[in-house]
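Data first, discussion second: the structure below is written as C-alpha cells.
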Protein chains: 4
Amino acid sequence: MTAGTRTSIEKVRRRDLVEAAYLTFLEHGLEGMTMARIGERAGMSHGIVNYYFKSKDELLSTVVRRSNFLIIREAAGKLSKAATPRERISAIIEANFPEKLFTREVARAWVSYYAAIGRKPEFNRLQAATDSRLASNLVHALKQLTSDEKARAVAVHVAILVDGLWLRHARSNDPIDSRSAVRLIEAFVDGELAET
Amino acid sequence: MTAGTRTSIEKVRRRDLVEAAYLTFLEHGLEGMTMARIGERAGMSHGIVNYYFKSKDELLSTVVRRSNFLIIREAAGKLSKAATPRERISAIIEANFPEKLFTREVARAWVSYYAAIGRKPEFNRLQAATDSRLASNLVHALKQLTSDEKARAVAVHVAILVDGLWLRHARSNDPIDSRSAVRLIEAFVDGELAET
Amino acid sequence: MTAGTRTSIEKVRRRDLVEAAYLTFLEHGLEGMTMARIGERAGMSHGIVNYYFKSKDELLSTVVRRSNFLIIREAAGKLSKAATPRERISAIIEANFPEKLFTREVARAWVSYYAAIGRKPEFNRLQAATDSRLASNLVHALKQLTSDEKARAVAVHVAILVDGLWLRHARSNDPIDSRSAVRLIEAFVDGELAET
Amino acid sequence: MTAGTRTSIEKVRRRDLVEAAYLTFLEHGLEGMTMARIGERAGMSHGIVNYYFKSKDELLSTVVRRSNFLIIREAAGKLSKAATPRERISAIIEANFPEKLFTREVARAWVSYYAAIGRKPEFNRLQAATDSRLASNLVHALKQLTSDEKARAVAVHVAILVDGLWLRHARSNDPIDSRSAVRLIEAFVDGELAET
DNA sequence: CATGAATGAGAGTTCATTCAT
DNA sequence: GATGAATGAACTCTCATTCAT
C-alpha cells in the first residue's frame, strides 16, 4: 500500500506533467512549450519537471507517444466496429480528425511540431511508425475494393489530403470543422471507387 | 537631393536585408532566422538590421510579403503564356511548386512559419490575401471548363492538396520532387474534369 | 536496547554510505560525486544520505578519513612483514601505489580532491596527518641506513616523486603502471643509499 | 583610425576577459571559474563574455594557451642566455617555477585543471604540446652531458619532480618557495651527472 | 528511520534589442 | 548612416538540501 501510494504519486505527477506539457504545447506551440511554463501550469516548480523527465525531449517524446497512442486506439476502436471494407476506410479517415482536437490551436501546434522534428531522428521514427500503421490499414481496406495499384494511389492521395486539411486548418482564417474534413475525403474516395 | 540619396540607400539596404532574411529563413527555418545571421548574410552589422526594421517581426513581415509577391508574379507570368483555360490551371498549380524551392528545408521553413503566425493577425491577413488571389484565379479558370459548383469544389481540393504536399514534404523521410507533386494534382484535376 | 539497535543500524548505514561515496568518488571524481549517485550506489534513497551526513562536505570528510585509514593500514601491514630497514622503505613506497587504485580515473579523482580542499581547513588538517605519518615512517627507516640529514632529504624527494607520479598519471596520455612507479622510486632510493 | 579603435576595443576587451578569467581561475579553481564571476570581475555583464568568446571552453582554451605561451617564452628567453648545456638545463627547470606564479592558489588552480581535462581531448593535446616541447629541450641538453639512455631517464625523473612539486605545493600546509623547488631539482640533476 | 517529492539557486548559452560612438 | 559593444531576459539542465509523509 505504501509502495502503491508512492508509485501512485509518481504516476499522477507524470500524468499531470504530460497533460500540462500537452496543453502548453497546444497553446503555445513547440517553441513556447518551455519547462518553466509546463511547471507553472502543473502548479509545480520547474525543477520538478526535470526530476520526472530527464530532459525536455523525453517529455515531448512522451507527449507525442501518448497522442499517437490515442489516435491509434481511436482508429482501432472504430475499425473493430466496422463491418465492411468501406466502413473500415471511413474509420481510418475519421480517426485522423478527432472532433475535439481539430481546432486551429491544435493544428498549429502539430504543424510546428512537424517543422521542428526534421533534425531529430527519434521523433522522425516515432512519427513514421504511426504514419505507416494508419497507411497500411488504409491500403489493406482499399485493396478489397479496387486494384492494388489504385489502392496505393488512393491511399497516398488520402494521406496528402489529411496533411493538407491540418495545415489548411492551421493557416486559414475561416477554419473547417472536422466533419467537413472527413466528408471531403470520403467524397474523394467514393469518386475514385466509383470509377472502377 | 540629400533626402533622395538617403531614400535610395535606404531602399537598397532594405532590399538587401529582406533578401538576406529570406534566404536565411529558407535555410534555417523561422527559429534559425536570427538577426545576427541575417546581418552576416547581408554583409552588414546586425545592428543595422534593427535600424531599418523596427523589430524582427517587421522584417519577417516584409520577407513574407516579398515571397508572396514572387509567387504571384511567377503565376502571372505563366498565366500570360497560357493559351487555354486548362493551361491556366496548370500554370497556377506549377506556381505553387517552384522547382528550386521545393526542398525539405524550405518546406520546413514555411511550415514553421505557418505554425507561428497563428497569434499574429497581421501575418494572417497577409497570407489570406495571397491565398484568395491564387484561389480566385484557379476558380475562374475552372469555371470555364465545368460547372461553378464543381469549379469551387475542385479549387478547394487542389488547395488542400498543395498544402498537403508541402507538409508531407517537410515531414516525410522519402521526399517527393516538385514534378511528381504537380503531376499528382494535374491527374486529380484531369479526373474531375473528365467526369463532367 | 532500542538505542543500541538504532546505533547499530546507523553504523551500518554510515559505513555503507561511506563506501558507496568512496567508490563514486574514485569513479566520477569530486565533481561527479553527487548525492544522488551515492544514494543509488548504496541502494538507498538520496534523501537518507543527508539524514546521516549533515552535508556533502561531512560525507566527503569521512570518505577521506577512511581512505587515509586504509592506506595507513596497508602500510602498517607491509611494515610488519618487513625484516630490514630497506624492506620497510619498500613497504612504505608500495603502500602509496595500490595496484588496483593506480588508474587514471582514480588519479584524477584524487588530484581534483587536492585541488578542492585548499579552501577547507579541515581537509587540510586531515591530509597533513596522514602525510606526516607516512613521512615519519620513511625517515625513521632511512635513518638506519644513512645520515639523518640525508634521510630527511631523501624522504622529501620520495614524497615529491610520489605526488609527481600521481599527477603525471592523471595528466599523461600514456599512463604508467604501479610497478613502474614503484620501481622508479626504488631505483632513486638505491642510488642515494649507494652513494653513502 | 576608426577601424583601429574598433579592433582595439575588441582586443582590449578580450585581453581583459582573458585576464579576468585567468584570475578567477587562479582564485576559484576551474570549477569556480564561472562565466558570471568572470564578467563581474571584468566589470561587464555575463552576456558580453559569451559575445567575445563563443563558449566557456574557448575562453579557457585561450587562458591556457596564453599561460603556456608565457612559460615557453620564459624558457626560450632563459635558453637564449644560456652558454653551456648545464645552463640550458637550469633554464628549463627554472621556467617551470615562475616566482610570482608558484603560489598555493595557482598550484591548486592548475591541479584542478589537470584533473578536469582528462575528458577533453582538445585540452589534452594543448598540454601535450607544451609538455613535449619542454621535455625535448631538456633531453637535448642532457644528451650533451651524458649517455642518451641516462639523458632520457633523468628527463623523465625531472618531469615527475616538477609535477610533484606543484602538487605538493597545492596540498601542503607549509608551502615551498620556487627557489627551493628549483634547487631541489638542480641538486638531483647534479648528482646524476656526477655519477657518469 | 526512510523515502522521494519538491524547491531554488546557479550553471552555460542564445538572442532581440538598445545605444554610445 | 552604420557599427558592434553591451545588456538582460529567457532557455534547459543539474544538484544540494529540506521536508511532508
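Following the order of the C-alpha cells, chains are lettered A, B, ..., residues in each are numbered from 1, and ligands are numbered from 1.
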Non-local contacts of Ser67 (chain B) (12 Å; only C-alpha atoms (C1' of nucleotides); under 2 positions in same chain excluded) as a PDB file with C-alpha atoms, in the first residue's frame:
```
ATOM      1  CA  VAL B  18      14.993  41.364 -46.960  1.00  0.00           C
ATOM      2  CA  GLU B  19      16.774  39.136 -49.449  1.00  0.00           C
ATOM      3  CA  ALA B  21      16.485  37.424 -44.326  1.00  0.00           C
ATOM      4  CA  TYR B  22      14.550  35.446 -46.896  1.00  0.00           C
ATOM      5  CA  LEU B  23      17.476  33.173 -47.667  1.00  0.00           C
ATOM      6  CA  PHE B  25      14.662  31.879 -43.345  1.00  0.00           C
ATOM      7  CA  LEU B  26      14.607  29.273 -46.088  1.00  0.00           C
ATOM      8  CA  LEU B  60       9.664  38.922 -41.294  1.00  0.00           C
ATOM      9  CA  SER B  61       6.518  40.599 -42.456  1.00  0.00           C
ATOM     10  CA  THR B  62       8.405  42.212 -45.305  1.00  0.00           C
ATOM     11  CA  VAL B  63      10.060  38.942 -46.187  1.00  0.00           C
ATOM     12  CA  VAL B  64       6.729  37.199 -46.422  1.00  0.00           C
ATOM     13  CA  ARG B  65       5.243  39.993 -48.472  1.00  0.00           C
ATOM     14  CA  PHE B  69       4.847  38.758 -54.438  1.00  0.00           C
ATOM     15  CA  LEU B  70       7.292  36.418 -56.148  1.00  0.00           C
ATOM     16  CA  ILE B  71       4.778  33.605 -56.235  1.00  0.00           C
ATOM     17  CA  ILE B  72       2.068  35.859 -57.580  1.00  0.00           C
ATOM     18  CA  ARG B  73       4.436  37.198 -60.217  1.00  0.00           C
ATOM     19  CA  GLU B  74       5.509  33.728 -61.227  1.00  0.00           C
ATOM     20  CA  ASN B  96       2.891  26.560 -56.118  1.00  0.00           C
ATOM     21  CA  PRO B  98       8.901  26.241 -57.755  1.00  0.00           C
ATOM     22  CA  LEU B 101      12.273  25.870 -53.623  1.00  0.00           C
ATOM     23  CA  TRP B 110       7.272  27.512 -44.397  1.00  0.00           C
ATOM     24  CA  LEU B 126      -1.017  38.798 -45.386  1.00  0.00           C
ATOM     25  CA  GLN B 127      -1.474  35.134 -46.080  1.00  0.00           C
ATOM     26  CA  THR B 130      -2.234  35.704 -51.440  1.00  0.00           C
TER      27      THR B 130
END
```
For region 2-19 of chain E, work out the shell of residues within 8 Å, counting only C-alpha atoms (C1' of nucleotides) and skipping chain neighbours fewer than 3 positions away, then give it as number ranges by chain.
-> A: 45, 47-48; B: 34-35, 50, 56; C: 45, 47-48; D: 34-35, 50, 55-56; F: 14
Picked from region 8-112 of chain B by DSSP as helix (DSSP H, G or I), as a ChimeraX atom specification | /B:8-32,35-42,46-52,56-81,85-95,99-101,104-112
Would you write out, as CSV, a table of all residues in region 86-174 of chain C that have an atom no more than 10 Å from an atom of region 186-189 of chain C, listing for each the closest atom pair and the distance in Å to one decimal, considering only C-alpha atoms and ordering rows by chain and rising residue number?
```
residue,atom,partner,partner_atom,distance
C:Arg86,CA,C:Val189,CA,9.4
C:Ile89,CA,C:Glu186,CA,8.7
C:Ser90,CA,C:Glu186,CA,7.1
C:Ile93,CA,C:Glu186,CA,7.9
C:Glu94,CA,C:Glu186,CA,9.5
C:Leu142,CA,C:Val189,CA,9.4
C:Val154,CA,C:Val189,CA,7.2
C:Ala155,CA,C:Val189,CA,9.1
C:His157,CA,C:Phe188,CA,9.2
C:Val158,CA,C:Val189,CA,7.9
C:Leu161,CA,C:Phe188,CA,9.6
```
Store the residues picked out above in a file with N, CA and C atoms, as a PDB file, in the first residue's frame.
```pdb
ATOM      1  N   ARG C  86      65.575  -1.538   4.786  1.00  0.00           N
ATOM      2  CA  ARG C  86      65.348  -1.350   3.361  1.00  0.00           C
ATOM      3  C   ARG C  86      63.985  -1.879   2.934  1.00  0.00           C
ATOM      4  N   ILE C  89      61.364   0.529   3.911  1.00  0.00           N
ATOM      5  CA  ILE C  89      61.246   1.621   2.935  1.00  0.00           C
ATOM      6  C   ILE C  89      60.382   1.186   1.758  1.00  0.00           C
ATOM      7  N   SER C  90      60.676   0.011   1.253  1.00  0.00           N
ATOM      8  CA  SER C  90      59.882  -0.509   0.128  1.00  0.00           C
ATOM      9  C   SER C  90      58.411  -0.621   0.503  1.00  0.00           C
ATOM     10  N   ILE C  93      56.811   2.776   0.288  1.00  0.00           N
ATOM     11  CA  ILE C  93      56.672   3.200  -1.113  1.00  0.00           C
ATOM     12  C   ILE C  93      55.512   2.472  -1.769  1.00  0.00           C
ATOM     13  N   GLU C  94      55.502   1.165  -1.605  1.00  0.00           N
ATOM     14  CA  GLU C  94      54.442   0.373  -2.240  1.00  0.00           C
ATOM     15  C   GLU C  94      53.050   0.762  -1.735  1.00  0.00           C
ATOM     16  N   LEU C 142      64.912   5.302   6.916  1.00  0.00           N
ATOM     17  CA  LEU C 142      66.094   5.785   6.190  1.00  0.00           C
ATOM     18  C   LEU C 142      67.252   6.093   7.141  1.00  0.00           C
ATOM     19  N   VAL C 154      66.169  12.576   1.397  1.00  0.00           N
ATOM     20  CA  VAL C 154      65.642  11.507   0.540  1.00  0.00           C
ATOM     21  C   VAL C 154      64.130  11.354   0.757  1.00  0.00           C
ATOM     22  N   ALA C 155      63.715  11.443   1.997  1.00  0.00           N
ATOM     23  CA  ALA C 155      62.277  11.294   2.287  1.00  0.00           C
ATOM     24  C   ALA C 155      61.464  12.385   1.578  1.00  0.00           C
ATOM     25  N   HIS C 157      62.362  13.999  -1.109  1.00  0.00           N
ATOM     26  CA  HIS C 157      62.425  13.707  -2.537  1.00  0.00           C
ATOM     27  C   HIS C 157      61.432  12.591  -2.901  1.00  0.00           C
ATOM     28  N   VAL C 158      61.386  11.576  -2.091  1.00  0.00           N
ATOM     29  CA  VAL C 158      60.472  10.466  -2.366  1.00  0.00           C
ATOM     30  C   VAL C 158      59.014  10.946  -2.335  1.00  0.00           C
ATOM     31  N   LEU C 161      58.257  12.652  -5.448  1.00  0.00           N
ATOM     32  CA  LEU C 161      58.115  11.699  -6.551  1.00  0.00           C
ATOM     33  C   LEU C 161      56.752  11.012  -6.509  1.00  0.00           C
TER      34      LEU C 161
END
```
Counting only C-alpha atoms, what are the residues of chain D within 9 Å of chain C, and for each of them which pair of atoms is the nearest and at what distance in Å, to one decimal? Sort the table by chain and rising number, as a tab-separated table.
```
residue	atom	partner	partner_atom	distance
D:Gly29	CA	C:Ala115	CA	7.6
D:Glu31	CA	C:Glu31	CA	8.5
D:Arg104	CA	C:Gly118	CA	8.2
D:Glu105	CA	C:Gly118	CA	7.9
D:Ala107	CA	C:Ala115	CA	8.1
D:Arg108	CA	C:Ala115	CA	4.7
D:Ala109	CA	C:Ala115	CA	6.6
D:Trp110	CA	C:Ala115	CA	8.0
D:Val111	CA	C:Ala115	CA	5.6
D:Ser112	CA	C:Ala115	CA	5.0
D:Tyr113	CA	C:Ser112	CA	8.2
D:Tyr114	CA	C:Arg171	CA	5.9
D:Ala115	CA	C:Arg108	CA	4.8
D:Ala116	CA	C:Ser112	CA	7.4
D:Ile117	CA	C:Arg171	CA	8.0
D:Gly118	CA	C:Arg171	CA	6.8
D:Asn124	CA	C:Asn173	CA	7.7
D:Gln127	CA	C:Arg171	CA	8.7
D:Ala128	CA	C:Ser172	CA	8.0
D:His157	CA	C:Leu161	CA	8.2
D:Ala159	CA	C:Gly164	CA	8.1
D:Ile160	CA	C:Gly164	CA	4.7
D:Leu161	CA	C:Leu161	CA	5.7
D:Val162	CA	C:Gly164	CA	7.0
D:Asp163	CA	C:Gly164	CA	4.6
D:Gly164	CA	C:Gly164	CA	3.3
D:Leu165	CA	C:Ile160	CA	5.9
D:Trp166	CA	C:Gly164	CA	8.1
D:Leu167	CA	C:Asp163	CA	6.3
D:Arg168	CA	C:Asp163	CA	6.6
D:Ala170	CA	C:Ala115	CA	6.7
D:Arg171	CA	C:Tyr114	CA	6.0
D:Ser172	CA	C:Ala128	CA	7.3
D:Asn173	CA	C:Asn124	CA	7.1
D:Leu184	CA	C:His157	CA	8.1
```
Contact check, chain F to chain A, at most 12 Å, counting only C-alpha atoms (C1' of nucleotides), closest pairs as a tab-separated table:
```
residue	atom	partner	partner_atom	distance
F:DA10	C1'	A:Thr34	CA	9.8
F:DC11	C1'	A:Thr34	CA	7.7
F:DT12	C1'	A:Lys56	CA	7.7
F:DC13	C1'	A:Asn50	CA	7.5
F:DT14	C1'	A:Asn50	CA	9.1
F:DC15	C1'	A:Gly47	CA	10.1
F:DT21	C1'	A:Arg6	CA	10.1
```
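One finds CA of Ala95 (chain B) at 15.0 Å from CA of Arg66 (chain B).
Taking CA of Glu10 (chain D) and CA of Gly39 (chain D) as endpoints, the distance between them is 15.0 Å.
Across the structure, CA of Arg41 (chain B) and CA of Thr24 (chain B) are spaced 7.6 Å apart.
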